[in-house]
Amino acid sequence: MKFSEQWLREWINPKISTDELSHQLTMAGLEVDAIEPVAATFSNVVVGEVLSIEKHPDADKLNVCAVNVGDQEPLQIVCGASNVREGMRVPAALVGAKLPGDFKIKKSKLRGVPSHGMLCSTSELGITETAEGLMALPNDAPIGTDIRDYLSLDDVMIELSLTPNRADCFSIAGIAREVGVSNKMLVNEFKQAAIKATIKDKVDVKLEAGKDCPRYLGRVIKGVNVKAETPLWMQEKLRRSGIRSLGPVVDVTNFVLLELGQPMHAFDLAKINGAIHARHAKAGEKLNLLNDQEISLTDGCLVIADDKQPLALAGIMGGADSAVSGSTALKPTTDILLEAAHFNPLVIAGKARSFGLHTDSSHRFERGVAASLPITAIERATELLLDIVGGQAGPVVNVTNEADLPQRDVVVLRAERVKRVLGIDLSREEITGMLTRLDLNPTETKQGWEITAPDFRFDISIEEDLIEEIGRIFGYDNLPVSQASSALSMVAKPEAKLRMTRLRQVLVQKGYQEAITYSFIDPEMQKLFDTDNQAIELANPISADLAAMRTSLWPGLVNAAKYNLNRQQSRVFLFEYGLKFVPQDAEIQQEKMLAGVITGSRIPEQWASSSESVDFFDLKNHVEAVLEITGRATDFQFEPNQHSILHPGQTAAIRDLAAKDQPIIGWLGALHPRLQKSLGLSQSVYLFEITMKNIEVGAIPAFKPLSKFPAIRRDIALVMDEAITAQAVHDCIKESAGEILSKFELFDVYRGEGIDFGRKSLALGLTLQDLSRTLTDTDVDKELNKIIDVLKKRLGATLRE
């Protein structure tokens, strides 16, 4: 919102400087973005009248003008402007004048003819950037008057950056109200008298979309003169607000927009067929807009139409086919229909952008305009139009659906609540004064006030909104600063609770980076990774490839790995902590999961070692490290298993042996070759996923006495069937040896010469130690023989010769 400071001061004129006014506005929540002078600095330029014009004897494009500047004798000024004419009043820079750009006017000769000054355009005075010819002043401009005084150029343009909730400040009236509250002043009273109708002509109005357009006002004005000139004072106020003059009728509607905040439109009455309809567009309808853009209307678009066709895109822009024709048209407009309406902000919001438009009207309507404002605005516009373009006004046709107008509820404000929230002790009189100057019309009660917000304050609906208003007007910079204090109590934290921070540290130490992927995934990707669960489809997805809730973290991580591999990142270690969403009966079960993906070389490339690709056992080592920090690693067991998206020979399920029914709590393995190929992955990918609820509670560390007696290690090599796992061997030995076995270590696996096909050799290191005595060789041999006998009976394992 850009406006002239002088225009604002016509409404309210506090005794403060421009800088103080700017600070007040900013602290009131109306941030000042820029302050610019309305014209560049210049001096000694006065109103002059061209008395006569003669052609320059030696230049076809120059004229020798006699100019009256209020002195006893007219000045001779040579001018090259094409629009100079006798009787014209223009800015005249006298000898000694200083124009923008440090350009000084001196006595000179142009092609041998003396010139005692310069006739100026708006660009030469720094009022506009460009100009076509001299600046034409009104015929009643007082000759000899300093142009800065005549045009009130000692003024600034203030530009505000308004937040969407302050639609009431998109007008001079709204800004003046805020300044009045800040300075404890009343705004100069504005009362618009109703303009009496002098003709009976009117146009019927039908509200066919009453909820979206609950109020529509129309007034016929006949016999207007569109060739009339917009008054200079109005042109200047529009210019200083960033709007150029487009003719008297459009200028008046724009002026009312800026002054009161009500967007308006004028139709050429001769181009309207029948009644006015506020309705929704029909499929296939098209509309030519004022900017020469043709748009195809869609269902739900609100339009203003006549009996035959749409005339305007409601609240956004008028149509070219019903526009007022200016003075240069073959058939200038003589009769107009003036429109002022109230539109539901929700039906306007986003519509302009959907057609690639953004207008002053849409900017205001989509934020909210007071429902009562059209009544005042149409009278104000009528008065200005009759003064400028003449004509006769018909009666105002006001069609309103009262039930569909915005309704405001009573908001209760408690005095004690104000003190508690803001930390200031204001008297009831001070608060009442603030609320009154804000036009909130408070009613005092025993506990505070009851307020029904006016229709221009869409942002006030709860008590905190009113407290914010009081804090804003009191001044945020005036609120006391105090150190917050509160009673703190120690909250017990379960010692066995495993923090996610610790899990992250373990994985980062293993070379992983944490990833965060979308909870929404491509439904087709979901089907690839989970054939057992039906995906939860989103009703309103962001896009087609984010239309399903994930039932596993793997799709996002694999996509992330693929993304990196396609960008020459051959080594990828990623993990993610997040939720998966699994349908369960009529509800959605959300489970916290920890998942990871690895691919590429085992260690980063370096000179000291050759590059080896990661394999299943690297991933298993990483998962074991995660389970180790729970303090109950022995409760978890890896077992060969089958999973639909993992490699049949490189898949393991993780069981929690300490839990009831020993459930599977996670999976790890290589991505299935079929899936790897379909996803276009050029190298092997390994995945793991663990349900967090099974590892969030660990074992509390407890001291275990160390044996004072020496340990004895014995290495044995066992031959067994290929299908027997190392875990089965470990469990068998552990059960047989009991507490005396302090360490089990598998240090070699051999298949080859000397070993029958389908069998393998495992080399084991067994460390034996007793807590109460020193073991002898006899004790150890006896224990080993017992272990070997058990292995032979249960697993068919024999000592390798």
# chains A, B, ... in the order shown; residues from 1 in each chain; ligands from 1
>>> closest_atom_pairs(of="stretch 428-455 of chain A", to="stretch 471-479 of chain A", cutoff="10 Å", atoms="only C-alpha atoms", output="Markdown table")
| residue | atom | partner | partner_atom | distance |
| --- | --- | --- | --- | --- |
| A:Glu430 | CA | A:Phe474 | CA | 9.6 |
| A:Ile431 | CA | A:Phe474 | CA | 9.4 |
| A:Met434 | CA | A:Ile473 | CA | 7.2 |
| A:Leu435 | CA | A:Ile473 | CA | 9.5 |
| A:Leu438 | CA | A:Ile473 | CA | 9.5 |
>>> write_last_selection(atoms="N, CA and C atoms", output="PDB file, in the first residue's frame")
ATOM      1  N   GLU A 430      -7.844   3.821  30.054  1.00  0.00           N
ATOM      2  CA  GLU A 430      -6.872   3.741  28.958  1.00  0.00           C
ATOM      3  C   GLU A 430      -7.270   2.671  27.945  1.00  0.00           C
ATOM      4  N   ILE A 431      -7.664   1.508  28.453  1.00  0.00           N
ATOM      5  CA  ILE A 431      -8.041   0.421  27.545  1.00  0.00           C
ATOM      6  C   ILE A 431      -9.306   0.774  26.777  1.00  0.00           C
ATOM      7  N   MET A 434      -8.385   3.141  23.966  1.00  0.00           N
ATOM      8  CA  MET A 434      -7.746   2.455  22.835  1.00  0.00           C
ATOM      9  C   MET A 434      -8.779   1.736  21.974  1.00  0.00           C
ATOM     10  N   LEU A 435      -9.662   0.991  22.636  1.00  0.00           N
ATOM     11  CA  LEU A 435     -10.654   0.214  21.901  1.00  0.00           C
ATOM     12  C   LEU A 435     -11.637   1.117  21.167  1.00  0.00           C
ATOM     13  N   LEU A 438     -10.122   2.558  18.072  1.00  0.00           N
ATOM     14  CA  LEU A 438     -10.028   1.519  17.043  1.00  0.00           C
ATOM     15  C   LEU A 438     -11.390   1.196  16.439  1.00  0.00           C
TER      16      LEU A 438
END
>>> residues_around(residues="A:Ala728", least_positions_apart="2", cutoff="10 Å", atoms="only C-alpha atoms", output="PyMOL selection string")
chain A and resi 639+724-726+730-734+791+794-795
>>> select_by_dssp(residues="stretch 467-643 of chain A", states="alpha helix (DSSP H)", output="NGL selection string")
:A and (467-474 or 500-509 or 523-529 or 554-565 or 616-628)
>>> closest_residue(among="A:Asp58, A:Asp154, A:Glu783, A:Glu178", to="A:Leu25", atoms="only C-alpha atoms")
A:Glu178
>>> closest_residue(among="A:Gln683, A:Thr359, A:Ser354, A:Gln392", to="A:Ile221", atoms="only C-alpha atoms")
A:Gln392
>>> select_by_dssp(residues="stretch 50-263 of chain A", states="strand (DSSP E or B)", output="JSON, numbers by chain")
{"A": [50, 51, 52, 53, 54, 55, 63, 64, 65, 66, 67, 68, 75, 76, 77, 78, 79, 89, 90, 91, 92, 93, 94, 95, 96, 97, 98, 99, 103, 104, 108, 109, 110, 113, 114, 115, 118, 119, 137, 146, 156, 157, 158, 159, 160, 161, 205, 206, 207, 215, 216, 217, 218, 219, 220, 221, 222]}
>>> atom_distance(atom1="atom CA of A:Thr501", atom2="atom CA of A:Thr517")
18.7 Å
>>> closest_residue(among="A:Ile467, A:Val50, A:Ala393, A:Leu217", to="A:Val412", atoms="only C-alpha atoms")
A:Ile467
>>> atom_distance(atom1="atom CA of A:Ala496", atom2="atom CA of A:Phe575")
23.5 Å
>>> residues_around(residues="stretch 444-454 of chain A", least_positions_apart="2", cutoff="10 Å", atoms="only C-alpha atoms", output="PyMOL selection string")
chain A and resi 370-372+407-418+428+431-432+435+438-442+456-461+463+466
>>> residues_around(residues="stretch 230-232 of chain A", least_positions_apart="4", cutoff="9 Å", atoms="only C-alpha atoms", output="list in words")
Leu137, Pro138, Leu151, Glu236, Lys237, Ser245, Leu246, Gly247, Pro248, Val249, Asp251, Val252, Ile388 and Val389 of chain A
>>> residues_around(residues="A:Pro164", least_positions_apart="5", cutoff="10 Å", atoms="only C-alpha atoms", output="ChimeraX atom specification")
/A:363-364,366-368,459
>>> residues_around(residues="A:Arg380", least_positions_apart="3", cutoff="8 Å", atoms="only C-alpha atoms", output="list in words")
Gln192, Val256, Thr376, Ala377, Glu383 and Leu384 of chain A
>>> closest_residue(among="A:Val203, A:Val558, A:Ile158, A:Leu311", to="A:Gly394", atoms="only C-alpha atoms")
A:Val203
>>> residues_around(residues="A:Ala561", least_positions_apart="6", cutoff="10 Å", atoms="only C-alpha atoms", output="list in words")
Pro555, Arg567, Gln569, Ser570, Arg571, Val572, Phe573, Leu574, Val597, Ile598, Thr599, Leu681 and Val685 of chain A
>>> atom_distance(atom1="atom CA of A:Phe744", atom2="atom CA of A:Ile716")
11.3 Å
>>> closest_residue(among="A:Thr634, A:Lys660, A:Ala39, A:His116", to="A:Glu129", atoms="only C-alpha atoms")
A:Ala39
